[in-house]
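Q: To start, I am sharing the structure in question, which I have written as structure tokens.
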Protein chains: 2
Amino acid sequence: MMRFSTLIRHPADWMIGGAVDNAVVLTSRIRLARNLHLAPFPGWATAEQRRQAMDKILPVIQELRPMKDAFAQSLSGLTSVQKQVLVERHLISREHAARTEGSAAVIERRQSLSIMVNEEDHLRMQSIRPGLNLRVAFEALNEVDDELQQTLQFAFDRRLGYLTTCPTNLGTGLRASAMLHLPGLVLSDQIGQVLNAIGRMGLAVRGLYGEGTESLGNLYQISNQSTLGETEMQIIDRLERVISRVAFHELNARWKLIEDDPLMVHDKMGRSFGILQHAWLIDSKEALNHLSILRMGANLGFFPLETVRLCDNLLMEIQPAHLQLQRGIKLSPEQRDERRAQIIRANLQNVPSPVMVTAQTKKLPYNEPPSSSEL
Amino acid sequence: MMRFSTLIRHPADWMIGGAVDNAVVLTSRIRLARNLHLAPFPGWATAEQRRQAMDKILPVIQELRPMKDAFAQSLSGLTSVQKQVLVERHLISREHAARTEGSAAVIERRQSLSIMVNEEDHLRMQSIRPGLNLRVAFEALNEVDDELQQTLQFAFDRRLGYLTTCPTNLGTGLRASAMLHLPGLVLSDQIGQVLNAIGRMGLAVRGLYGEGTESLGNLYQISNQSTLGETEMQIIDRLERVISRVAFHELNARWKLIEDDPLMVHDKMGRSFGILQHAWLIDSKEALNHLSILRMGANLGFFPLETVRLCDNLLMEIQPAHLQLQRGIKLSPEQRDERRAQIIRANLQNVPSPVMVTAQTKKLPYNEPPSSSEL
């Protein structure tokens with residue numbers, strides 16, 4: 001079985017991005033909720049019934065092709081720091097991390113696919129891809145779902161669709177979401193307006209760690225709210241259209257900032273760069289905000305493009321549990337701030353000072369606006 | 001006659017510091033106020049009487065040995081930016097800069113000696129030296145005073161001493177002051193206590209530009225308040241004792257900070273350094289504060305010692321009138337912020353990143369505390 005340290009030593013496939021355009025959309029995520037037919041849902045089940053469900057599900061998951069040499073672990077076998085690391089990597093939910101006996105996580109080697117067993121539902125499966133790739137993520141997960149259904153029978157109602165613990169997941173059991181980097185809209189004070197428009201379209205906007213969390217580093221998660229009355233592809237199509245539209249506005253906002261006030265933008269780049277390269281104590285919030293500016297700067301040409309990947313890796317690595325896992329000991333907040341600054345300095349030491357970028361340099365990656373009439 | 005541009009192109013002798021210990025005391029300054037016997041004081045004189053006084057005084061000043069090839073100029077022949085530059089260099093007072101016809105300034109080539117004619121008094125002479133050198137500054141000025149009195153007769157009363165426009169200058173007409181850099185006391189929250197103690201001893205504390213100005217860049221000017229009832233040497237001795245004592249506290253505070261919280265100090269050094277090296281817009285206040293940290297860092301060993309001189313030069317050069325004089329045009333506040341950032345970046349580009357300094361590295365420049373019982 002794959003060891004935890006082996007799993008975490010490598011960045012997830014979707015953290016690396018590679019050739020994918022992820023200037024605005026960092027990742028696309030699909031989640032499906034499923035429950036076993038005729039077995040009490042986890043919240044109502046006895047400990048024994050939960051164990052029984054797990055024992056039924058786990059071997060089937062491990063037979064899945066992509067899960068052949070996956071990381072599979074009962075949550076009772078993980079320390080709280082290890083569980084927190086999985087949360088920070090978006091591989092399990094905060095709620096799942098709070099569970100122990102009778103719950104498990106199976107995570108594919110490249111971290112593109114993960115399945116929580118006995119979270120709120122018997123199965124919560126998720127597929128992540130870099131950039132705006134909700135369809136691809138869905139297709140991968142749909143295949144897994146089909147394969148599981150050859151062995152497991154899921155609770156399904158002809159009228160309601162898949163049955164879930166929470167009625168908001170009834171029907172498709174699908175949650176599609178994308179993580180967007182929106183510093184341009186924030187700096188140009190358009191973010192409130194855009195988020196309102198998204199809300200009016202029946203979509204949800206959340207912070208870095210999902211429901212009820214604050215936006216850090218100008219990162220916003222946009223997802224569908226309703227799971228009933230639309231097919232999976234309708235949900236995904238609609239979400240992709242809105243997200244493309246937001247991304248288009250974001251890119252425009254960035255270039256507009258450069259056109260209107262190039263010095264202010266350059267100053268922001270320089271300061272974030274200078275602070276990240278020379279701070280010896282830095283908290284999460286400040287680090288995320290400066291990395292956000294650096295990431296935008298790399299996309300705009302102020303820094304080499306490979307700086308984007310450095311930033312995305314750091315966004316992950318400087319989180320509290322990641323820091324503690326790496327050091328192998330519990331760290332006080334101040335020790336974390338010290339360690340965080342140290343890791344950032346080491347990673348950014350070869351990034352050159354920002355070069356001047358003007359509106360003339362402009363090369364919009366999107367040639368024309370997507371067709372949606374809203375936003 | 002020396003041209004204005006020639007005068008200002010070079011830093012003043014006291015800005016360079018050289019081998020002098022100026023870790024805490026940047027400069028020592030002595031000022032003497034004198035008036036002509038039987039001539040109405042400037043505030044009461046007619047324009048004609050002011051001109052007469054000036055015509056009488058100027059040739060005598062220009063005969064002084066140190067003033068042989070000095071800069072000498074009626075204030076009506078200077079632009080407002082030029083006058084402001086002289087204020088920023090502490091060569092004339094703000095009040096003097098507001099005058100035109102009938103007032104003049106004579107400034108020795110190395111800017112260690114300057115004489116204002118028809119400021120509040122007929123003559124306001126000043127001598128500046130780097131470091132804590134009030135006696136040396138006084139001796140130089142005393143010589144000038146003696147030499148002037150061989151030709152000019154000054155208003156003098158056997159009981160009151162030298163007569164001056166403002167009664168607070170009566171007697172010796174002497175104001176002795178020093179500019180102190182006190183970041184250690186500010187960062188360790190001891191500054192209020194120290195300033196109160198100085199006030200209780202009958203001394204005045206002011207900001208960078210004298211009376212009624214705010215402290216910027218952790219710079220404080222300490223001076224005597226009373227000019228009556230003590231000899232010049234008594235005033236100077238007392239002031240030097242207090243200043244040594246404050247300097248001792250400041251140095252202790254700096255090392256105490258390193259001992260108590262080396263990371264915080266290192267972090268501050270790094271951040272100020274990073275911002276100064278990479279900002280593209282910076283206002284006076286922020287620049288002075290970061291330069292103050294950098295200057296302290298250079299004295300403590302975080303940066304090469306020659307960085308102190310760079311900082312002291314920059315403290316002068318980034319002031320509004322200096323920036324405008326150098327560019328030859330009037331600059332808006334934003335243009336000044338841009339130009340200021342540019343000059344700082346250019347000057348600091350070869351300063352290396354701060355190295356780690358710990359309390360073990362400690363080498364106190366003062367071996368033992370001065371003997372004063374107070375403070």
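Following the order of the structure tokens, chains are lettered A, B, ..., residues in each are numbered from 1, and ligands are numbered from 1.
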Please, which residues of chain A lie no more than 8 Å from chain B when the count uses only C-alpha atoms, and can they be set out as a PyMOL selection string?
A: chain A and resi 263-264+266-268+270-271+273-275+277-281+338+353
Q: I want to know what sits within 12 Å of A:Gly207, based on only C-alpha atoms, with residues of the same chain fewer than 5 positions away left out; could you give that as a ChimeraX atom specification?
A: /A:177-182,195,212-223
Q: If we count only C-alpha atoms, what is near stretch 12-16 of chain B at a cut-off of 12 Å, once residues fewer than 2 positions away on the same chain are taken out, given as a PyMOL selection string?
A: chain B and resi 6-10+18-22+25-29+86+88-91+107-114+127-133+137+178-179+306-317
Q: With N, CA and C atoms retained, write the just-selected residues as a compact mmCIF listing (two decimals), in the first residue's frame.
A:
```
# COMPACT_ATOMS: atom_id res chain seq x y z
N THR B 6 26.71 74.35 -7.71
CA THR B 6 28.00 73.83 -7.23
C THR B 6 27.90 73.51 -5.74
N LEU B 7 27.26 74.42 -5.01
CA LEU B 7 27.10 74.21 -3.57
C LEU B 7 26.37 72.90 -3.30
N ILE B 8 25.25 72.68 -4.01
CA ILE B 8 24.33 71.61 -3.66
C ILE B 8 24.74 70.27 -4.29
N ARG B 9 25.53 70.35 -5.36
CA ARG B 9 25.95 69.11 -6.01
C ARG B 9 26.65 68.18 -5.00
N HIS B 10 27.38 68.78 -4.06
CA HIS B 10 28.12 67.96 -3.11
C HIS B 10 27.36 67.79 -1.82
N GLY B 18 31.97 60.03 7.67
CA GLY B 18 33.32 59.49 7.61
C GLY B 18 33.60 58.60 8.79
N ALA B 19 34.76 58.82 9.42
CA ALA B 19 35.21 57.93 10.48
C ALA B 19 34.47 58.19 11.79
N VAL B 20 33.68 59.25 11.81
CA VAL B 20 33.01 59.63 13.06
C VAL B 20 31.98 58.58 13.48
N ASP B 21 31.86 58.36 14.78
CA ASP B 21 30.80 57.48 15.28
C ASP B 21 29.48 58.25 15.22
N ASN B 22 28.66 57.90 14.25
CA ASN B 22 27.36 58.56 14.16
C ASN B 22 26.22 57.54 14.14
N VAL B 25 24.04 59.66 17.05
CA VAL B 25 24.00 61.11 16.83
C VAL B 25 24.49 61.41 15.42
N LEU B 26 23.57 61.85 14.57
CA LEU B 26 23.94 62.15 13.19
C LEU B 26 24.76 63.42 13.11
N THR B 27 24.23 64.48 13.72
CA THR B 27 24.91 65.77 13.63
C THR B 27 24.75 66.57 14.91
N SER B 28 25.72 67.47 15.12
CA SER B 28 25.67 68.43 16.22
C SER B 28 25.64 69.81 15.60
N ARG B 29 24.81 70.67 16.17
CA ARG B 29 24.64 71.97 15.55
C ARG B 29 24.66 73.05 16.62
N LEU B 86 17.68 74.51 0.54
CA LEU B 86 18.53 74.95 1.65
C LEU B 86 17.89 74.61 3.00
N GLU B 88 15.85 72.03 3.48
CA GLU B 88 15.97 70.58 3.64
C GLU B 88 17.39 70.18 4.06
N ARG B 89 18.38 70.98 3.66
CA ARG B 89 19.75 70.70 4.09
C ARG B 89 20.06 71.30 5.45
N HIS B 90 19.06 71.90 6.07
CA HIS B 90 19.23 72.55 7.38
C HIS B 90 20.22 73.71 7.31
N LEU B 91 20.36 74.34 6.14
CA LEU B 91 21.30 75.45 5.99
C LEU B 91 20.65 76.80 6.26
N ILE B 107 26.85 80.69 2.74
CA ILE B 107 27.05 79.29 3.12
C ILE B 107 28.44 78.84 2.68
N GLU B 108 29.17 78.38 3.65
CA GLU B 108 30.54 77.93 3.40
C GLU B 108 30.50 76.71 2.48
N ARG B 109 31.52 76.60 1.66
CA ARG B 109 31.60 75.59 0.61
C ARG B 109 31.26 74.18 1.09
N ARG B 110 31.75 73.80 2.26
CA ARG B 110 31.50 72.44 2.73
C ARG B 110 30.22 72.36 3.58
N GLN B 111 29.50 73.48 3.64
CA GLN B 111 28.20 73.55 4.30
C GLN B 111 28.26 73.32 5.81
N SER B 112 29.47 73.46 6.38
CA SER B 112 29.61 73.29 7.83
C SER B 112 29.28 74.59 8.56
N LEU B 113 29.31 75.68 7.81
CA LEU B 113 29.07 76.99 8.41
C LEU B 113 28.11 77.74 7.51
N SER B 114 27.06 78.28 8.12
CA SER B 114 26.16 79.12 7.31
C SER B 114 25.67 80.28 8.14
N SER B 127 26.86 76.36 12.86
CA SER B 127 27.99 75.49 12.59
C SER B 127 27.51 74.05 12.83
N ILE B 128 27.74 73.19 11.86
CA ILE B 128 27.29 71.79 11.99
C ILE B 128 28.49 70.86 11.90
N ARG B 129 28.46 69.81 12.71
CA ARG B 129 29.50 68.78 12.65
C ARG B 129 28.85 67.40 12.69
N PRO B 130 29.46 66.40 12.09
CA PRO B 130 28.89 65.06 12.19
C PRO B 130 29.13 64.46 13.57
N GLY B 131 28.26 63.56 13.98
CA GLY B 131 28.42 62.88 15.27
C GLY B 131 28.14 63.81 16.44
N LEU B 132 28.53 63.39 17.63
CA LEU B 132 28.34 64.21 18.83
C LEU B 132 29.56 65.10 19.01
N ASN B 133 29.50 66.30 18.50
CA ASN B 133 30.66 67.20 18.48
C ASN B 133 30.25 68.64 18.73
N ALA B 137 31.88 72.15 17.22
CA ALA B 137 31.01 73.05 16.44
C ALA B 137 30.99 74.44 17.08
N ALA B 178 21.30 68.54 18.65
CA ALA B 178 21.85 67.36 17.98
C ALA B 178 20.69 66.59 17.38
N MET B 179 20.96 65.95 16.23
CA MET B 179 19.95 65.12 15.57
C MET B 179 20.26 63.68 15.93
N GLU B 306 29.17 50.81 5.26
CA GLU B 306 29.07 51.98 4.36
C GLU B 306 27.63 52.30 3.96
N THR B 307 26.72 51.35 4.28
CA THR B 307 25.30 51.59 3.99
C THR B 307 24.77 52.77 4.81
N VAL B 308 25.41 53.04 5.97
CA VAL B 308 24.98 54.18 6.79
C VAL B 308 25.09 55.47 5.98
N ARG B 309 26.21 55.62 5.30
CA ARG B 309 26.42 56.83 4.52
C ARG B 309 25.41 56.93 3.36
N LEU B 310 25.16 55.79 2.73
CA LEU B 310 24.15 55.76 1.66
C LEU B 310 22.81 56.24 2.19
N CYS B 311 22.45 55.73 3.38
CA CYS B 311 21.17 56.12 3.98
C CYS B 311 21.14 57.61 4.28
N ASP B 312 22.22 58.11 4.87
CA ASP B 312 22.24 59.52 5.24
C ASP B 312 22.15 60.41 4.02
N ASN B 313 22.83 60.02 2.95
CA ASN B 313 22.72 60.77 1.71
C ASN B 313 21.30 60.74 1.17
N LEU B 314 20.71 59.55 1.22
CA LEU B 314 19.34 59.42 0.70
C LEU B 314 18.35 60.22 1.52
N LEU B 315 18.52 60.22 2.85
CA LEU B 315 17.63 61.00 3.71
C LEU B 315 17.53 62.42 3.19
N MET B 316 18.65 62.93 2.70
CA MET B 316 18.72 64.28 2.16
C MET B 316 18.13 64.34 0.75
N GLU B 317 18.58 63.44 -0.11
CA GLU B 317 18.29 63.53 -1.54
C GLU B 317 16.84 63.25 -1.91
```
Q: Please, what distance in Å, to one decimal, runs between atom CA of A:Ile191 and atom CA of A:Ala176?
A: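 It comes out at 21.4 Å.
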Q: DSSP on the backbone: what in stretch 193-229 of chain B comes out helix (DSSP H, G or I), as a VMD selection string?
A: chain B and resid 193 to 200
Q: What does the file look like for those residues with N, CA and C atoms, as a short mmCIF file (atom, residue, chain, number, x, y, z; two decimals), in the first residue's frame?
A:
```cif
data_model
loop_
_atom_site.label_atom_id
_atom_site.label_comp_id
_atom_site.auth_asym_id
_atom_site.auth_seq_id
_atom_site.Cartn_x
_atom_site.Cartn_y
_atom_site.Cartn_z
N GLN B 193 8.97 57.52 27.29
CA GLN B 193 9.61 57.67 28.59
C GLN B 193 10.89 58.51 28.49
N VAL B 194 11.70 58.22 27.49
CA VAL B 194 12.97 58.94 27.33
C VAL B 194 12.71 60.41 26.97
N LEU B 195 11.75 60.64 26.06
CA LEU B 195 11.46 62.02 25.67
C LEU B 195 10.92 62.81 26.85
N ASN B 196 10.09 62.17 27.69
CA ASN B 196 9.58 62.84 28.89
C ASN B 196 10.72 63.24 29.81
N ALA B 197 11.66 62.32 30.01
CA ALA B 197 12.80 62.60 30.89
C ALA B 197 13.60 63.78 30.36
N ILE B 198 13.77 63.82 29.02
CA ILE B 198 14.52 64.92 28.42
C ILE B 198 13.77 66.24 28.66
N GLY B 199 12.45 66.19 28.51
CA GLY B 199 11.64 67.40 28.72
C GLY B 199 11.76 67.90 30.15
N ARG B 200 11.75 66.97 31.11
CA ARG B 200 11.84 67.36 32.52
C ARG B 200 13.18 68.01 32.85
#
```
